[in-house]
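Enquirer: Provided herewith is a single structure, encoded as structure tokens, for subsequent inquiry.
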Amino acid sequence: MDAINITQNDFLDVLFDNRNKDYGAYNLRRYYERRMRNAVGITAGILLAMTGAYVVSNIMAKSHPAELAAVRPKVTTLTEIPIDPAEKLTAPPPPAAAAAPRALKPMIQNTPPAVVPDDTKDITPPPTQKEMEGKVIGSITTPGDVNGADIDAPVDLAGGGGNGVVEAPATTEGTNNHPFTFVELMPSFPGGEDALAKFLRNNVRYPSVAQENGIQGIVSVQFVVTTDGTIQGVKVIGATHGGGLEDEALRVVRKMPKWRPGRQNGRDVAVYFTLPIRFVMQDQ
């Protein structure tokens, strides 16, 4: 049986007898020819419409050539602005000439020491103290101005000389507001470490709350030893344990006498100091 006969209604009725004809396969086969005609008609209509549009556009282009001509770009003409020749540009003033540096002091040649035989007669003696007055020691002997600048002293461009002393820049480090963290000689408790240990044994009281709850550990207390040895800025750093251990450590540190301050470059300075205080139960 060929494909054309399959679409006949009598065959379809026999094929779908006692079956669900509402299923899509029955309608697809029954109206197959109608769908094909519709598809061919729609396709032909689209092709005719496209062909007609093309023909109409060609006819309109031939009948209205001026309207469809390309738009010419707009040309902008630049107008030169005349410059008044009377106006003259003012040149900037030349930089101020730097003043000549001050003259240098007279220089006298230094006689370097040398090992010579004892019978050597041609020996150049070193300059005397009187010969060196008002002069500087150098590699050669040159004249100069007695009131001139020292060759080793800084001389500015304005002609002013220096005094040969280079001062360190001012700094606030080491003051009570800006303490050092580490110095040449760290602060110390009066009497040394043994005296500090004795002070802690005599003054630390184990908090009752910590004893009842079995709380123990090391409390790190940081403070500043100022330039006169006073204790300031006392605080707990690191892990906390509770039970009153931190409060007791702060109380004892604040009760300490003045320390020996730290020293840096030969002067007393303020320094941070961290003191660990250990709380241990007696039965541990």
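By convention here, the chains of the structure tokens are called A, B, ... in the order presented, each chain's residues are numbered starting at 1, and ligands are numbered starting at 1 in the order presented.
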Based on the backbone DSSP call, show me all residues of range 180-280 of chain A assigned strand (DSSP E), as a ChimeraX atom specification.

Expert: /A:217-225,231-237,262-264,267-269,271-279

Enquirer: Go ahead and write the residues just picked, C-alpha atoms, as an mmCIF file, in the first residue's frame.

Expert:
data_model
loop_
_atom_site.group_PDB
_atom_site.id
_atom_site.type_symbol
_atom_site.label_atom_id
_atom_site.label_comp_id
_atom_site.auth_asym_id
_atom_site.auth_seq_id
_atom_site.Cartn_x
_atom_site.Cartn_y
_atom_site.Cartn_z
ATOM 1 C CA GLY A 217 47.324 31.087 84.049
ATOM 2 C CA ILE A 218 49.697 33.895 83.076
ATOM 3 C CA VAL A 219 48.457 37.490 82.762
ATOM 4 C CA SER A 220 50.657 39.761 80.611
ATOM 5 C CA VAL A 221 50.581 43.390 81.744
ATOM 6 C CA GLN A 222 52.043 46.144 79.559
ATOM 7 C CA PHE A 223 52.951 49.581 80.890
ATOM 8 C CA VAL A 224 55.224 52.550 80.165
ATOM 9 C CA VAL A 225 58.200 53.401 82.336
ATOM 10 C CA ILE A 231 54.503 53.642 85.779
ATOM 11 C CA GLN A 232 51.826 54.806 83.279
ATOM 12 C CA GLY A 233 49.432 53.320 80.730
ATOM 13 C CA VAL A 234 48.937 50.003 82.546
ATOM 14 C CA LYS A 235 46.862 47.495 80.525
ATOM 15 C CA VAL A 236 46.429 43.758 79.970
ATOM 16 C CA ILE A 237 47.512 42.326 76.625
ATOM 17 C CA GLY A 262 65.531 52.992 80.256
ATOM 18 C CA ARG A 263 68.426 54.743 78.548
ATOM 19 C CA GLN A 264 69.157 55.417 74.883
ATOM 20 C CA ARG A 267 69.768 59.833 78.165
ATOM 21 C CA ASP A 268 66.701 58.604 80.065
ATOM 22 C CA VAL A 269 63.794 57.743 77.772
ATOM 23 C CA VAL A 271 59.990 52.677 77.217
ATOM 24 C CA TYR A 272 57.218 50.100 76.902
ATOM 25 C CA PHE A 273 57.613 47.144 79.276
ATOM 26 C CA THR A 274 55.648 43.881 79.435
ATOM 27 C CA LEU A 275 55.513 41.978 82.741
ATOM 28 C CA PRO A 276 54.065 38.424 82.902
ATOM 29 C CA ILE A 277 52.364 37.614 86.247
ATOM 30 C CA ARG A 278 51.698 33.917 86.851
ATOM 31 C CA PHE A 279 48.719 32.682 88.910
#

Enquirer: Between CA of Lys255 in chain A and CA of Gly229 in chain A, what is the distance, to one decimal in Å?

Expert: 13.3 Å

Enquirer: Based on the backbone DSSP call, show me all residues of range 176-249 of chain A assigned alpha helix (DSSP H), as a ChimeraX atom specification.

Expert: /A:193-203,208-212,245-249

Enquirer: Keeping only C-alpha atoms, write those residues as a PDB file, in the first residue's frame.

Expert:
ATOM      1  CA  GLU A 193      64.712  40.800  89.296  1.00  0.00           C
ATOM      2  CA  ASP A 194      64.942  39.254  92.766  1.00  0.00           C
ATOM      3  CA  ALA A 195      63.400  42.366  94.317  1.00  0.00           C
ATOM      4  CA  LEU A 196      60.638  42.301  91.686  1.00  0.00           C
ATOM      5  CA  ALA A 197      59.842  38.645  92.419  1.00  0.00           C
ATOM      6  CA  LYS A 198      59.702  39.384  96.164  1.00  0.00           C
ATOM      7  CA  PHE A 199      57.387  42.350  95.562  1.00  0.00           C
ATOM      8  CA  LEU A 200      54.982  40.176  93.559  1.00  0.00           C
ATOM      9  CA  ARG A 201      54.983  37.408  96.196  1.00  0.00           C
ATOM     10  CA  ASN A 202      54.178  39.870  98.960  1.00  0.00           C
ATOM     11  CA  ASN A 203      51.477  41.822  97.111  1.00  0.00           C
ATOM     12  CA  SER A 208      38.674  33.955  95.544  1.00  0.00           C
ATOM     13  CA  VAL A 209      36.490  33.569  92.444  1.00  0.00           C
ATOM     14  CA  ALA A 210      39.434  32.183  90.502  1.00  0.00           C
ATOM     15  CA  GLN A 211      40.285  29.779  93.362  1.00  0.00           C
ATOM     16  CA  GLU A 212      36.717  28.472  93.606  1.00  0.00           C
ATOM     17  CA  LEU A 245      43.067  37.533  87.581  1.00  0.00           C
ATOM     18  CA  GLU A 246      43.397  40.514  85.241  1.00  0.00           C
ATOM     19  CA  ASP A 247      42.063  42.981  87.815  1.00  0.00           C
ATOM     20  CA  GLU A 248      44.492  41.707  90.449  1.00  0.00           C
ATOM     21  CA  ALA A 249      47.462  41.946  88.047  1.00  0.00           C
TER      22      ALA A 249
END

Enquirer: To one decimal place in Å, what is the distance between CA of Arg254 in chain A and CA of Gln282 in chain A?

Expert: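 So the two atoms, CA of Arg254 in chain A and CA of Gln282 in chain A, lie 25.0 Å apart.
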
Enquirer: Calculate how many Å separate CA of Pro257 in chain A from CA of Thr230 in chain A, rounding to one decimal.

Expert: 7.7 Å

Enquirer: When distances are computed from only C-alpha atoms, which of A:Gly242, A:Pro179, A:Gly144, A:Gly214 shows the smallest separation from Thr227 in chain A?

Expert: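 Nearest to Thr227 in chain A: A:Pro179.
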
Enquirer: So, with only C-alpha atoms as the atoms that count, which of A:Asn147, A:Asn265, A:Thr181, A:Gln109 lies closest to Glu131 in chain A?

Expert: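 Among the listed residues, the smallest separation from Glu131 in chain A belongs to A:Gln109.
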